[in-house]
Every structure is written in C-alpha cells, then in structure tokens.
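Pasting run_34.pdb here (PDB, C-alpha atoms and all ligand atoms):
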ATOM      1  CA  MET B  10     -50.556 -12.222 196.196
ATOM      2  CA  GLU B  11     -50.414 -11.497 192.477
ATOM      3  CA  ALA B  12     -47.622  -9.153 191.400
ATOM      4  CA  VAL B  13     -47.226  -7.077 188.274
ATOM      5  CA  LEU B  14     -43.929  -7.519 186.500
ATOM      6  CA  ALA B  15     -42.515  -4.100 185.668
ATOM      7  CA  VAL B  16     -39.328  -3.088 183.884
ATOM      8  CA  ASP B  17     -37.522   0.253 183.575
ATOM      9  CA  VAL B  18     -34.991   0.448 180.745
ATOM     10  CA  GLY B  19     -32.850   3.509 181.501
ATOM     11  CA  ALA B  20     -29.732   4.789 179.735
ATOM     12  CA  THR B  21     -27.627   3.851 182.779
ATOM     13  CA  TRP B  22     -29.653   1.282 184.740
ATOM     14  CA  LEU B  23     -31.950  -1.566 183.843
ATOM     15  CA  ARG B  24     -34.474  -2.260 186.606
ATOM     16  CA  VAL B  25     -36.765  -5.267 186.879
ATOM     17  CA  GLY B  26     -39.337  -5.151 189.639
ATOM     18  CA  LEU B  27     -42.485  -6.632 191.079
ATOM     19  CA  VAL B  28     -45.199  -4.176 192.068
ATOM     20  CA  ASP B  29     -48.146  -4.891 194.327
ATOM     21  CA  ILE B  30     -50.782  -3.074 192.352
ATOM     22  CA  SER B  31     -53.183  -2.481 195.247
ATOM     23  CA  SER B  32     -50.608  -0.664 197.371
ATOM     24  CA  LEU B  33     -48.305   0.520 194.524
ATOM     25  CA  LYS B  34     -45.436  -0.821 196.592
ATOM     26  CA  LEU B  35     -42.365  -2.103 194.846
ATOM     27  CA  ILE B  36     -41.940  -5.478 196.516
ATOM     28  CA  LYS B  37     -38.823  -6.654 194.716
ATOM     29  CA  LEU B  38     -36.208  -4.918 192.561
ATOM     30  CA  THR B  39     -33.217  -6.060 190.544
ATOM     31  CA  LYS B  40     -30.966  -3.283 189.211
ATOM     32  CA  VAL B  41     -28.191  -3.990 186.701
ATOM     33  CA  PRO B  42     -26.136  -1.658 184.475
ATOM     34  CA  THR B  43     -27.599  -1.081 181.015
ATOM     35  CA  PRO B  44     -25.192  -2.632 178.461
ATOM     36  CA  GLN B  45     -23.346   0.108 176.582
ATOM     37  CA  THR B  46     -22.940  -1.262 173.064
ATOM     38  CA  HIS B  47     -24.383  -0.814 169.596
ATOM     39  CA  TYR B  48     -25.395  -4.510 169.611
ATOM     40  CA  SER B  49     -29.230  -4.464 169.623
ATOM     41  CA  ASP B  50     -29.560  -7.792 171.459
ATOM     42  CA  ALA B  51     -27.453  -6.740 174.468
ATOM     43  CA  ILE B  52     -30.283  -5.022 176.372
ATOM     44  CA  PRO B  53     -32.796  -7.880 175.753
ATOM     45  CA  GLU B  54     -30.153 -10.374 176.958
ATOM     46  CA  ALA B  55     -29.470  -8.394 180.151
ATOM     47  CA  LEU B  56     -33.235  -8.150 180.612
ATOM     48  CA  ARG B  57     -33.671 -11.945 180.341
ATOM     49  CA  SER B  58     -31.137 -12.697 183.064
ATOM     50  CA  ALA B  59     -32.455  -9.951 185.378
ATOM     51  CA  LEU B  60     -35.985 -11.301 184.876
ATOM     52  CA  MET B  61     -35.077 -14.820 185.903
ATOM     53  CA  SER B  62     -33.460 -13.724 189.155
ATOM     54  CA  THR B  63     -36.429 -11.501 190.063
ATOM     55  CA  ILE B  64     -39.517 -13.600 189.418
ATOM     56  CA  ALA B  65     -38.558 -16.910 191.068
ATOM     57  CA  GLY B  66     -41.451 -18.272 193.121
ATOM     58  CA  VAL B  67     -43.849 -15.398 192.370
ATOM     59  CA  ARG B  68     -47.342 -15.584 190.875
ATOM     60  CA  LEU B  69     -47.390 -13.007 188.081
ATOM     61  CA  HIS B  70     -50.226 -10.956 186.621
ATOM     62  CA  ARG B  71     -50.975 -11.932 182.986
ATOM     63  CA  ALA B  72     -49.513  -8.753 181.541
ATOM     64  CA  ALA B  73     -46.319  -6.769 182.223
ATOM     65  CA  GLY B  74     -45.365  -3.107 181.920
ATOM     66  CA  VAL B  75     -42.149  -1.706 180.488
ATOM     67  CA  ALA B  76     -41.025   1.918 180.898
ATOM     68  CA  SER B  77     -38.162   2.868 178.617
ATOM     69  CA  ILE B  78     -35.949   5.554 177.223
ATOM     70  CA  GLY B  79     -37.122   6.563 173.760
ATOM     71  CA  PRO B  80     -37.865   7.242 171.065
ATOM     72  CA  LEU B  81     -40.118   4.194 170.945
ATOM     73  CA  ASP B  82     -42.289   2.224 168.627
ATOM     74  CA  SER B  83     -44.718   1.231 171.374
ATOM     75  CA  THR B  84     -46.868  -0.858 169.029
ATOM     76  CA  ALA B  85     -43.854  -2.962 168.004
ATOM     77  CA  GLY B  86     -42.434  -3.072 171.543
ATOM     78  CA  GLU B  87     -39.128  -1.553 170.457
ATOM     79  CA  ILE B  88     -36.772   1.288 171.330
ATOM     80  CA  LEU B  89     -36.218   2.874 167.905
ATOM     81  CA  LYS B  90     -32.838   4.254 168.892
ATOM     82  CA  ALA B  91     -31.175   4.969 172.207
ATOM     83  CA  PRO B  92     -29.115   8.168 171.759
ATOM     84  CA  ASN B  93     -27.920   8.231 175.396
ATOM     85  CA  VAL B  94     -26.633   4.637 175.416
ATOM     86  CA  VAL B  95     -23.017   4.277 174.257
ATOM     87  CA  GLY B  96     -23.087   2.678 170.798
ATOM     88  CA  ARG B  97     -26.610   4.059 170.178
ATOM     89  CA  PRO B  98     -28.292   0.682 169.517
ATOM     90  CA  SER B  99     -31.395   0.813 167.313
ATOM     91  CA  ARG B 100     -34.548  -1.330 167.148
ATOM     92  CA  VAL B 101     -34.058  -2.788 170.623
ATOM     93  CA  ASP B 102     -36.866  -5.242 171.325
ATOM     94  CA  VAL B 103     -37.800  -4.924 175.001
ATOM     95  CA  ALA B 104     -41.147  -6.759 174.850
ATOM     96  CA  SER B 105     -40.279 -10.127 173.303
ATOM     97  CA  PRO B 106     -38.009 -11.358 176.143
ATOM     98  CA  LEU B 107     -40.947 -11.185 178.566
ATOM     99  CA  ILE B 108     -43.262 -13.076 176.221
ATOM    100  CA  GLU B 109     -40.703 -15.612 174.945
ATOM    101  CA  LEU B 110     -39.825 -16.671 178.462
ATOM    102  CA  GLY B 111     -43.513 -17.495 178.982
ATOM    103  CA  LEU B 112     -43.776 -15.049 181.875
ATOM    104  CA  VAL B 113     -46.703 -13.001 180.564
ATOM    105  CA  GLU B 114     -49.163 -12.973 177.679
ATOM    106  CA  GLU B 115     -49.096  -9.263 176.989
ATOM    107  CA  VAL B 116     -46.755  -6.271 177.366
ATOM    108  CA  TYR B 117     -47.451  -2.532 177.714
ATOM    109  CA  LEU B 118     -44.576  -0.266 176.650
ATOM    110  CA  ILE B 119     -44.488   3.376 177.695
ATOM    111  CA  ASN B 120     -41.833   6.102 177.545
ATOM    112  CA  ASP B 121     -40.129   6.390 180.976
ATOM    113  CA  CYS B 122     -41.166  10.008 181.584
ATOM    114  CA  ASN B 123     -44.748   9.337 180.517
ATOM    115  CA  ALA B 124     -44.683   6.395 182.952
ATOM    116  CA  ALA B 125     -43.356   8.631 185.722
ATOM    117  CA  ALA B 126     -46.115  11.176 185.040
ATOM    118  CA  LEU B 127     -48.696   8.392 185.164
ATOM    119  CA  ALA B 128     -47.389   7.179 188.542
ATOM    120  CA  GLU B 129     -47.288  10.679 190.016
ATOM    121  CA  TRP B 130     -50.830  11.398 188.810
ATOM    122  CA  TRP B 131     -52.094   8.022 190.096
ATOM    123  CA  ALA B 132     -50.762   8.842 193.561
ATOM    124  CA  ARG B 133     -52.752  12.126 193.558
ATOM    125  CA  ARG B 134     -55.905  11.137 191.698
ATOM    126  CA  THR B 135     -57.884  10.452 194.889
ATOM    127  CA  GLU B 136     -57.235  14.102 195.815
ATOM    128  CA  GLY B 137     -59.051  15.070 192.610
ATOM    129  CA  VAL B 138     -55.977  15.896 190.498
ATOM    130  CA  GLU B 139     -56.782  15.359 186.800
ATOM    131  CA  ASP B 140     -54.092  17.412 185.037
ATOM    132  CA  LEU B 141     -50.459  16.863 185.961
ATOM    133  CA  LEU B 142     -47.186  17.741 184.250
ATOM    134  CA  TYR B 143     -44.028  15.875 185.253
ATOM    135  CA  VAL B 144     -40.623  17.321 184.347
ATOM    136  CA  THR B 145     -37.249  15.845 185.238
ATOM    137  CA  ILE B 146     -34.104  17.949 184.869
ATOM    138  CA  SER B 147     -31.239  15.522 185.195
ATOM    139  CA  THR B 148     -28.480  14.364 182.808
ATOM    140  CA  GLY B 149     -31.163  15.007 180.173
ATOM    141  CA  ILE B 150     -34.532  16.771 180.356
ATOM    142  CA  GLY B 151     -37.672  14.672 180.110
ATOM    143  CA  ALA B 152     -41.371  15.142 180.682
ATOM    144  CA  GLY B 153     -44.702  13.397 180.777
ATOM    145  CA  CYS B 154     -48.258  14.562 181.144
ATOM    146  CA  VAL B 155     -51.685  13.386 182.218
ATOM    147  CA  LEU B 156     -54.556  15.582 180.989
ATOM    148  CA  SER B 157     -58.182  15.043 182.000
ATOM    149  CA  SER B 158     -56.977  11.862 183.743
ATOM    150  CA  ARG B 159     -55.578  10.464 180.469
ATOM    151  CA  PRO B 160     -51.862  10.047 179.762
ATOM    152  CA  LEU B 161     -50.697  11.958 176.700
ATOM    153  CA  LEU B 162     -48.800   9.318 174.685
ATOM    154  CA  GLY B 163     -48.762  10.294 171.024
ATOM    155  CA  ARG B 164     -48.918   8.044 167.979
ATOM    156  CA  ARG B 165     -46.058   5.699 168.921
ATOM    157  CA  GLY B 166     -45.579   6.700 172.559
ATOM    158  CA  ASN B 167     -43.256   9.655 171.998
ATOM    159  CA  ALA B 168     -45.363  12.624 173.072
ATOM    160  CA  MET B 169     -43.879  15.152 175.497
ATOM    161  CA  GLU B 170     -40.242  15.279 174.341
ATOM    162  CA  LEU B 171     -40.073  18.568 176.193
ATOM    163  CA  GLY B 172     -36.270  18.641 176.394
ATOM    164  CA  HIS B 173     -36.301  19.231 172.646
ATOM    165  CA  VAL B 174     -38.580  22.254 172.686
ATOM    166  CA  VAL B 175     -36.843  25.305 171.178
ATOM    167  CA  VAL B 176     -35.841  27.866 173.814
ATOM    168  CA  ASP B 177     -33.360  29.674 171.584
ATOM    169  CA  PRO B 178     -34.241  30.113 167.891
ATOM    170  CA  SER B 179     -30.727  31.457 167.198
ATOM    171  CA  GLY B 180     -29.563  27.844 167.590
ATOM    172  CA  TYR B 181     -26.541  28.923 169.634
ATOM    173  CA  LEU B 182     -25.989  25.375 170.909
ATOM    174  CA  PRO B 183     -26.499  22.071 169.035
ATOM    175  CA  CYS B 184     -28.500  19.334 170.787
ATOM    176  CA  GLY B 185     -27.454  15.675 171.026
ATOM    177  CA  CYS B 186     -30.536  14.814 168.942
ATOM    178  CA  GLY B 187     -29.202  16.807 165.981
ATOM    179  CA  GLY B 188     -31.533  19.781 166.435
ATOM    180  CA  LYS B 189     -30.494  23.293 167.464
ATOM    181  CA  GLY B 190     -31.536  25.607 170.274
ATOM    182  CA  HIS B 191     -33.239  22.821 172.249
ATOM    183  CA  TRP B 192     -33.763  23.253 176.018
ATOM    184  CA  GLU B 193     -31.765  20.101 176.869
ATOM    185  CA  ALA B 194     -28.684  21.426 175.051
ATOM    186  CA  TYR B 195     -28.530  24.329 177.535
ATOM    187  CA  GLY B 196     -30.225  23.271 180.745
ATOM    188  CA  SER B 197     -29.562  19.579 181.385
ATOM    189  CA  GLY B 198     -26.882  18.392 183.801
ATOM    190  CA  GLY B 199     -25.020  16.845 180.885
ATOM    191  CA  ASN B 200     -24.878  20.143 178.988
ATOM    192  CA  VAL B 201     -24.702  22.965 181.529
ATOM    193  CA  LEU B 202     -20.914  23.138 181.254
ATOM    194  CA  ALA B 203     -20.974  23.033 177.444
ATOM    195  CA  PHE B 204     -23.255  26.080 177.631
ATOM    196  CA  ALA B 205     -20.835  27.811 180.030
ATOM    197  CA  ARG B 206     -17.852  26.926 177.824
ATOM    198  CA  ARG B 207     -19.489  28.420 174.734
ATOM    199  CA  LEU B 208     -20.356  31.608 176.623
ATOM    200  CA  LEU B 209     -16.777  31.825 177.887
ATOM    201  CA  GLU B 210     -15.389  31.466 174.350
ATOM    202  CA  ASP B 211     -17.687  34.277 173.224
ATOM    203  CA  GLY B 212     -16.587  36.548 176.071
ATOM    204  CA  HIS B 213     -19.819  36.463 178.085
ATOM    205  CA  ILE B 214     -18.308  35.189 181.344
ATOM    206  CA  PRO B 215     -16.207  37.792 183.143
ATOM    207  CA  LYS B 216     -12.505  36.946 183.343
ATOM    208  CA  SER B 217     -10.801  36.590 186.710
ATOM    209  CA  THR B 218     -13.901  34.947 188.165
ATOM    210  CA  GLN B 219     -13.883  31.466 189.649
ATOM    211  CA  LEU B 220     -16.331  30.126 187.064
ATOM    212  CA  TRP B 221     -14.154  31.441 184.230
ATOM    213  CA  ALA B 222     -11.136  29.619 185.714
ATOM    214  CA  TYR B 223     -13.089  26.397 186.293
ATOM    215  CA  VAL B 224     -14.517  26.270 182.756
ATOM    216  CA  ASP B 225     -11.226  27.371 181.179
ATOM    217  CA  SER B 226      -9.381  24.537 182.924
ATOM    218  CA  GLY B 227     -11.799  21.984 181.409
ATOM    219  CA  GLY B 228     -13.993  21.407 184.507
ATOM    220  CA  ARG B 229     -16.784  18.932 183.886
ATOM    221  CA  ASP B 230     -18.819  18.765 187.123
ATOM    222  CA  PRO B 231     -22.077  20.756 186.805
ATOM    223  CA  SER B 232     -22.483  20.897 190.600
ATOM    224  CA  GLU B 233     -19.406  23.168 190.715
ATOM    225  CA  VAL B 234     -21.374  25.809 188.776
ATOM    226  CA  PHE B 235     -24.016  25.859 191.510
ATOM    227  CA  ARG B 236     -21.425  25.803 194.298
ATOM    228  CA  LEU B 237     -19.859  28.936 192.821
ATOM    229  CA  TYR B 238     -23.336  30.466 192.422
ATOM    230  CA  ARG B 239     -23.883  29.975 196.174
ATOM    231  CA  ALA B 240     -20.432  31.437 196.869
ATOM    232  CA  ALA B 241     -21.561  34.596 194.996
ATOM    233  CA  ASP B 242     -18.865  34.266 192.332
ATOM    234  CA  PRO B 243     -19.650  37.015 189.748
ATOM    235  CA  GLY B 244     -18.928  34.609 186.866
ATOM    236  CA  ALA B 245     -21.391  32.042 188.190
ATOM    237  CA  ALA B 246     -23.947  34.796 188.873
ATOM    238  CA  ALA B 247     -23.719  36.009 185.266
ATOM    239  CA  PHE B 248     -23.983  32.485 183.909
ATOM    240  CA  CYS B 249     -26.823  31.426 186.213
ATOM    241  CA  GLU B 250     -28.898  34.424 185.168
ATOM    242  CA  ARG B 251     -28.769  33.160 181.571
ATOM    243  CA  LEU B 252     -29.340  29.579 182.709
ATOM    244  CA  ALA B 253     -32.367  30.629 184.793
ATOM    245  CA  SER B 254     -33.985  32.295 181.775
ATOM    246  CA  ILE B 255     -33.528  29.083 179.745
ATOM    247  CA  GLN B 256     -35.022  26.862 182.504
ATOM    248  CA  ALA B 257     -37.872  29.331 182.994
ATOM    249  CA  ALA B 258     -38.603  29.468 179.247
ATOM    250  CA  GLY B 259     -38.797  25.660 179.016
ATOM    251  CA  LEU B 260     -41.020  25.254 182.067
ATOM    252  CA  ALA B 261     -43.288  28.188 181.216
ATOM    253  CA  SER B 262     -43.751  26.984 177.619
ATOM    254  CA  ALA B 263     -44.912  23.598 178.874
ATOM    255  CA  VAL B 264     -47.338  25.196 181.338
ATOM    256  CA  ASN B 265     -48.731  27.523 178.648
ATOM    257  CA  VAL B 266     -49.368  24.563 176.328
ATOM    258  CA  LEU B 267     -50.789  22.111 178.847
ATOM    259  CA  ASP B 268     -52.491  24.119 181.631
ATOM    260  CA  PRO B 269     -51.620  21.638 184.411
ATOM    261  CA  GLU B 270     -52.960  21.893 187.940
ATOM    262  CA  VAL B 271     -49.825  20.287 189.399
ATOM    263  CA  LEU B 272     -46.234  20.436 188.156
ATOM    264  CA  VAL B 273     -44.094  17.653 189.614
ATOM    265  CA  LEU B 274     -40.442  18.563 189.252
ATOM    266  CA  GLY B 275     -37.678  16.024 189.742
ATOM    267  CA  GLY B 276     -34.209  15.074 188.569
ATOM    268  CA  SER B 277     -30.813  15.660 190.145
ATOM    269  CA  VAL B 278     -30.283  19.154 188.709
ATOM    270  CA  TYR B 279     -33.543  20.368 190.253
ATOM    271  CA  LEU B 280     -33.495  18.379 193.508
ATOM    272  CA  GLY B 281     -29.852  19.265 194.196
ATOM    273  CA  ASN B 282     -30.305  22.978 193.410
ATOM    274  CA  ARG B 283     -33.749  23.923 194.640
ATOM    275  CA  ASP B 284     -32.408  27.280 195.926
ATOM    276  CA  PHE B 285     -31.459  28.287 192.362
ATOM    277  CA  PHE B 286     -34.896  27.310 191.053
ATOM    278  CA  VAL B 287     -36.856  28.952 193.895
ATOM    279  CA  ASN B 288     -34.822  32.181 193.909
ATOM    280  CA  ASP B 289     -34.072  32.610 190.193
ATOM    281  CA  VAL B 290     -36.024  30.285 187.892
ATOM    282  CA  PHE B 291     -39.566  30.380 189.303
ATOM    283  CA  PRO B 292     -39.716  34.195 189.560
ATOM    284  CA  MET B 293     -38.462  34.431 185.971
ATOM    285  CA  MET B 294     -41.216  32.041 184.793
ATOM    286  CA  GLU B 295     -43.718  34.823 185.499
ATOM    287  CA  ARG B 296     -42.132  36.745 182.618
ATOM    288  CA  TYR B 297     -43.119  33.974 180.172
ATOM    289  CA  LEU B 298     -46.345  32.602 181.639
ATOM    290  CA  MET B 299     -49.687  33.450 180.115
ATOM    291  CA  LEU B 300     -51.479  31.102 182.527
ATOM    292  CA  GLU B 301     -51.507  30.866 186.285
ATOM    293  CA  SER B 302     -48.517  29.032 187.731
ATOM    294  CA  PRO B 303     -49.368  25.443 188.748
ATOM    295  CA  VAL B 304     -48.769  23.998 192.206
ATOM    296  CA  MET B 305     -45.159  22.748 192.353
ATOM    297  CA  GLU B 306     -44.647  19.390 194.028
ATOM    298  CA  ASP B 307     -41.886  16.835 194.528
ATOM    299  CA  PRO B 308     -42.051  13.323 193.033
ATOM    300  CA  VAL B 309     -43.743  10.848 195.386
ATOM    301  CA  PHE B 310     -41.904   7.840 193.985
ATOM    302  CA  GLY B 311     -38.465   9.381 193.387
ATOM    303  CA  GLU B 312     -36.323   7.333 190.984
ATOM    304  CA  HIS B 313     -38.932   4.561 191.018
ATOM    305  CA  SER B 314     -41.645   6.652 189.276
ATOM    306  CA  PRO B 315     -41.037   5.041 185.851
ATOM    307  CA  ILE B 316     -41.188   1.426 187.060
ATOM    308  CA  VAL B 317     -44.314   2.079 189.151
ATOM    309  CA  GLY B 318     -45.870   3.873 186.156
ATOM    310  CA  ALA B 319     -45.112   0.878 183.943
ATOM    311  CA  ALA B 320     -47.005  -1.355 186.382
ATOM    312  CA  ILE B 321     -49.948   1.072 186.386
ATOM    313  CA  ALA B 322     -50.023   1.264 182.548
ATOM    314  CA  CYS B 323     -50.262  -2.505 182.544
ATOM    315  CA  SER B 324     -52.880  -2.807 185.279
ATOM    316  CA  MET B 325     -55.136  -0.193 183.631
ATOM    317  CA  GLU B 326     -54.581  -1.860 180.209
ATOM    318  CA  LEU B 327     -53.599   1.496 178.763
ATOM    319  CA  GLU B 328     -54.454   1.682 175.064
ATOM    320  CA  GLY B 329     -51.622   3.309 173.131
ATOM    321  CA  ALA B 330     -49.048   1.451 175.240
ATOM    322  CA  ARG B 331     -50.172  -2.050 174.261
ATOM    323  CA  VAL B 332     -47.552  -3.977 172.268
ATOM    324  CA  LEU B 333     -49.280  -5.604 169.324
ATOM    325  CA  LYS B 334     -46.483  -7.291 167.417
ATOM    326  CA  ARG B 335     -45.428 -10.627 168.868
ATOM    327  CA  LYS B 336     -42.491 -12.578 167.572
TER     328      LYS B 336
HETATM  329 ZN    ZN Y 401     -32.797  17.958 170.900
END
Take the structure from the file and write it as structure tokens.
Ligand SMILES: [Zn+2]
Amino acid sequence: MEAVLAVDVGATWLRVGLVDISSLKLIKLTKVPTPQTHYSDAIPEALRSALMSTIAGVRLHRAAGVASIGPLDSTAGEILKAPNVVGRPSRVDVASPLIELGLVEEVYLINDCNAAALAEWWARRTEGVEDLLYVTISTGIGAGCVLSSRPLLGRRGNAMELGHVVVDPSGYLPCGCGGKGHWEAYGSGGNVLAFARRLLEDGHIPKSTQLWAYVDSGGRDPSEVFRLYRAADPGAAAFCERLASIQAAGLASAVNVLDPEVLVLGGSVYLGNRDFFVNDVFPMMERYLMLESPVMEDPVFGEHSPIVGAAIACSMELEGARVLKRK
C-alpha cells in the first residue's frame, strides 16, 4: 500500500501521519509538542525527528501535504509568523525538511483550518455537498471554506481568517494580532475571561454574583463561566448574553458572506458547551442572518481534520497549496 505523508503543525502539537488516501484512514501518527521558542529552526528540527520515526518501512506517495498554523507563504513553504507559539518564530520553513530528507519530491502547504474544511467537505462530497463552511471555536477561532467544490485559499493560503472579522467596531477589546474588535478577542477560549474581566471593570457584571467573584479573584478557566451559566448564576447569565451576541455575529457574518449549505462547527468551546450554542447563540443568529441558516454538523474527523485535509490537498494536487521554492 502507498501512503501519503501528512503533517499538521499546530501551536501546541506537531503531528506527523500516514494516510491511506483511498479510505482516508490515518494509519500511523506521531504526536510531539511543538517547540516553544523564537528560534526558526526549532520546528523544522522537531519535524525531521518525528518524520524519521513515522515513515520507517513505508512506501510513500511522491508528494506530501502539510497543514499549518498561519499566516503562511504557501508558495515558499513557510509559516510567516506564528503568533500563538511562545517566542513567535517567523519564516519557519516546514516544507524543506520533507524534501531534504529525500522522502518526497513535492510538498503542498495549506492553512490548518482550510485543510480541516477540505477534509470535512471531502467526507460529504458523495452526498452532493459542494459548499461547506468549517468553524472551530477553541483557544483561538479559525475557519475554512469550500465553495463550488473548490477550497478558498487566497493569494498565499491565508483566506478565511474569520477569527479576525470585526464584531465590535468600538474596539472594546484588543486582539492578539494587533487589531481591535476582532471576534477572537471576545469569543475564543483563550479570551473569554479577558472579556469578562473588562466587563467587570466597567461595571457590567452584577456584584455579589458567582461570576463576579470568580473573575475578581483572577480565575482563568473558561469552563467555569459555562458551569456558572448552567447553575443560573445571574452574573454568568448577563455575561453569556453578551457572549452569545458576539458568537452569533461572527457566525452569521460568515454565513451571509459565503452562503454555505453545511456549517461544520468544532473546537473545545463549542463541543464542550453545545447547550449554550443551541439555546442562546443559534437563536440569536437569526437576528443577523440575511440568508437561510445552513445545516449544522459536527466534524467527522475531530482533531485529525487538518492532517487528513493535508493528505487530500496533496492527493488532489491542489493548486494554490503547491510549494514552489525548493532549497
Ligand atoms: Zn485579530
């Protein structure tokens, strides 16, 4: 059997896998922590050693796929900068290690959320799905899209940075990217408590509530916000109403722009708090939607969507993801 070598460079984990392209099954996976340093060669070095332990004794397809955190220069095969990796390394070359080791002749590099969207669409294409939006609400907020059966990649592979769409033009909260009023700054797991803290400072969370006490004491676990929401704490109820409008604005804006048939929602904030989304966020989306709401579905591949999508990008020889510069 010939296997496609696929890599997923995440902010936390680096995954190297082998995918059987006919069944889309991940047949082997090596998962190592992503090095947290500003040194640009650290990720390629970790990639080299993970590669060697994964591919022993396997006949590889001539090309490989890499899904990665962005922003990217997909033509050059590089991560331009990695804002969610400690040290924020820039110009990280994730294509050359695969070619230099003589493993493959060609590499396809695709943003991890675009790869996930590609995988989720591929799994549904035989059902006739041509237009699919994938959104993950996790530590950050990411998205990818396939329209008319074609992945939307952009000039250098950075289309669909949906977490950085403006949901609040007042710019109440700064985003990690340097912009203001971006969805991710309010709605991601990494920022939900910063949003609550700012509201508390401005007097928008009622005192003598459990959420007020938790935020005031420096609490950092976003799941506590949702636990208090379920316990009907008035502070959490007030906060979650604001949070729901932010999540609804982000999702509805994407639907209005893209007109997808299917919306695949994933990520720990969504999957761990479906009740909040079903009861509060989805009904509020109707307030912002111009178009009909798409069918909401769960990810088929879970956390493996990006690595499977990387293998698919490679097997379909996806133009726009092909790395042209070889060193
Ligand atoms: Zn931003």
Hey, which of B:Arg239, B:Pro269, B:Val18, B:Tyr117 ends up closest to Ser158 (chain B)? Count all atoms listed in the file.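 Smallest distance to Ser158 (chain B) is found for B:Pro269.
Computed from the coordinates, the CA of Leu112 (chain B) to CA of Met325 (chain B) distance equals 18.8 Å.
Atom pair CA of Leu237 (chain B) / CA of Leu272 (chain B): separated by 28.1 Å.
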Sort by chain and increasing residue number a table of all residues of region 132-173 of chain B within 12 Å of region 83-97 of chain B, each with its closest pair of atoms and their distance in Å to one decimal, counting all atoms listed in the file, and write it as CSV.
residue,atom,partner,partner_atom,distance
B:Thr148,CA,B:Asn93,CA,9.6
B:Gly149,CA,B:Asn93,CA,8.9
B:Ile150,CA,B:Asn93,CA,11.9
B:Leu162,CA,B:Ser83,CA,9.6
B:Gly163,CA,B:Ser83,CA,9.9
B:Arg164,CA,B:Ser83,CA,8.7
B:Arg165,CA,B:Ser83,CA,5.3
B:Gly166,CA,B:Ser83,CA,5.7
B:Asn167,CA,B:Ser83,CA,8.6
B:Ala168,CA,B:Ser83,CA,11.5
Give me, as a tab-separated table, the closest atom pair and its distance (Å, one decimal) for every residue of chain B within a cut-off of 8 Å of ligand ZN 401 (chain Y), counting all atoms listed in the file, rows sorted by chain and rising number.
residue	atom	partner	partner_atom	distance
B:Gly172	CA	Y:ZN401	ZN	6.5
B:His173	CA	Y:ZN401	ZN	4.1
B:Val174	CA	Y:ZN401	ZN	7.4
B:Pro183	CA	Y:ZN401	ZN	7.7
B:Cys184	CA	Y:ZN401	ZN	4.5
B:Gly185	CA	Y:ZN401	ZN	5.8
B:Cys186	CA	Y:ZN401	ZN	4.3
B:Gly187	CA	Y:ZN401	ZN	6.2
B:Gly188	CA	Y:ZN401	ZN	5.0
B:Lys189	CA	Y:ZN401	ZN	6.8
B:Gly190	CA	Y:ZN401	ZN	7.8
B:His191	CA	Y:ZN401	ZN	5.1
B:Trp192	CA	Y:ZN401	ZN	7.4
B:Glu193	CA	Y:ZN401	ZN	6.4
B:Ala194	CA	Y:ZN401	ZN	6.8
Those residues with C-alpha atoms, as a PDB file, keeping the file's coordinate frame please?
ATOM      1  CA  GLY B 172     -36.270  18.641 176.394  1.00  0.00           C
ATOM      2  CA  HIS B 173     -36.301  19.231 172.646  1.00  0.00           C
ATOM      3  CA  VAL B 174     -38.580  22.254 172.686  1.00  0.00           C
ATOM      4  CA  PRO B 183     -26.499  22.071 169.035  1.00  0.00           C
ATOM      5  CA  CYS B 184     -28.500  19.334 170.787  1.00  0.00           C
ATOM      6  CA  GLY B 185     -27.454  15.675 171.026  1.00  0.00           C
ATOM      7  CA  CYS B 186     -30.536  14.814 168.942  1.00  0.00           C
ATOM      8  CA  GLY B 187     -29.202  16.807 165.981  1.00  0.00           C
ATOM      9  CA  GLY B 188     -31.533  19.781 166.435  1.00  0.00           C
ATOM     10  CA  LYS B 189     -30.494  23.293 167.464  1.00  0.00           C
ATOM     11  CA  GLY B 190     -31.536  25.607 170.274  1.00  0.00           C
ATOM     12  CA  HIS B 191     -33.239  22.821 172.249  1.00  0.00           C
ATOM     13  CA  TRP B 192     -33.763  23.253 176.018  1.00  0.00           C
ATOM     14  CA  GLU B 193     -31.765  20.101 176.869  1.00  0.00           C
ATOM     15  CA  ALA B 194     -28.684  21.426 175.051  1.00  0.00           C
TER      16      ALA B 194
END
Got a sec: who's within 7 Å of region 133-147 of chain B, counting only C-alpha atoms, leaving out chain neighbours fewer than 4 positions off, as a ChimeraX atom specification? /B:126,129,151-158,197-198,269-279
Distance CA of Val317 (chain B)-CA of Met61 (chain B), one decimal place?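 Distance reported for this atom pair: 19.5 Å.
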For a cutoff of 10 Å around the file-coordinate point (-32.1, -9.8, 177.3), which residues qualify once you count only C-alpha atoms? I'd like the result as JSON, numbers by chain. {"B": [49, 50, 51, 52, 53, 54, 55, 56, 57, 58, 59, 60, 101, 102, 103, 104, 105, 106, 107]}
Hey, can you spit out that residue selection with C-alpha atoms as a JSON list (two decimals), in the coordinates of the input?
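Contents of out.json, as written:
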[["chain", "number", "residue", "atom", "x", "y", "z"],
["B", 49, "SER", "CA", -29.23, -4.46, 169.62],
["B", 50, "ASP", "CA", -29.56, -7.79, 171.46],
["B", 51, "ALA", "CA", -27.45, -6.74, 174.47],
["B", 52, "ILE", "CA", -30.28, -5.02, 176.37],
["B", 53, "PRO", "CA", -32.80, -7.88, 175.75],
["B", 54, "GLU", "CA", -30.15, -10.37, 176.96],
["B", 55, "ALA", "CA", -29.47, -8.39, 180.15],
["B", 56, "LEU", "CA", -33.24, -8.15, 180.61],
["B", 57, "ARG", "CA", -33.67, -11.94, 180.34],
["B", 58, "SER", "CA", -31.14, -12.70, 183.06],
["B", 59, "ALA", "CA", -32.46, -9.95, 185.38],
["B", 60, "LEU", "CA", -35.98, -11.30, 184.88],
["B", 101, "VAL", "CA", -34.06, -2.79, 170.62],
["B", 102, "ASP", "CA", -36.87, -5.24, 171.32],
["B", 103, "VAL", "CA", -37.80, -4.92, 175.00],
["B", 104, "ALA", "CA", -41.15, -6.76, 174.85],
["B", 105, "SER", "CA", -40.28, -10.13, 173.30],
["B", 106, "PRO", "CA", -38.01, -11.36, 176.14],
["B", 107, "LEU", "CA", -40.95, -11.18, 178.57]]
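Nearest residue to Ile36 (chain B) among B:Asn200, B:Thr21, B:Thr63, B:Ser262 is B:Thr63, counting all atoms listed in the file.
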Determine, counting all atoms listed in the file, which protein, DNA and RNA residues have an atom within 8 Å of an atom of region 26-35 of chain B; residues of the same chain fewer than 4 positions away are not included. Present the result as an MDAnalysis selection string. chainID B and resid 10:16 39 63:64 316:317 320:321 324
Just the residues within 12 Å of Gly228 (chain B), please, counting only C-alpha atoms, with nothing from its chain fewer than 2 positions along; format it as an MDAnalysis selection string. chainID B and resid 201:203 205:206 219:226 230:234
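Residue nearest Phe286 (chain B) within the list B:Glu301, B:Asp177, B:Glu250, B:Asp268: B:Glu250 [criterion: smallest interatomic distance, only C-alpha atoms].
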Counting all atoms listed in the file, figure out which residue out of B:Gly329, B:Gly318, B:Gly212, B:Gly180 gets nearest to Val75 (chain B).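 Under the stated criterion, the closest residue is B:Gly318.
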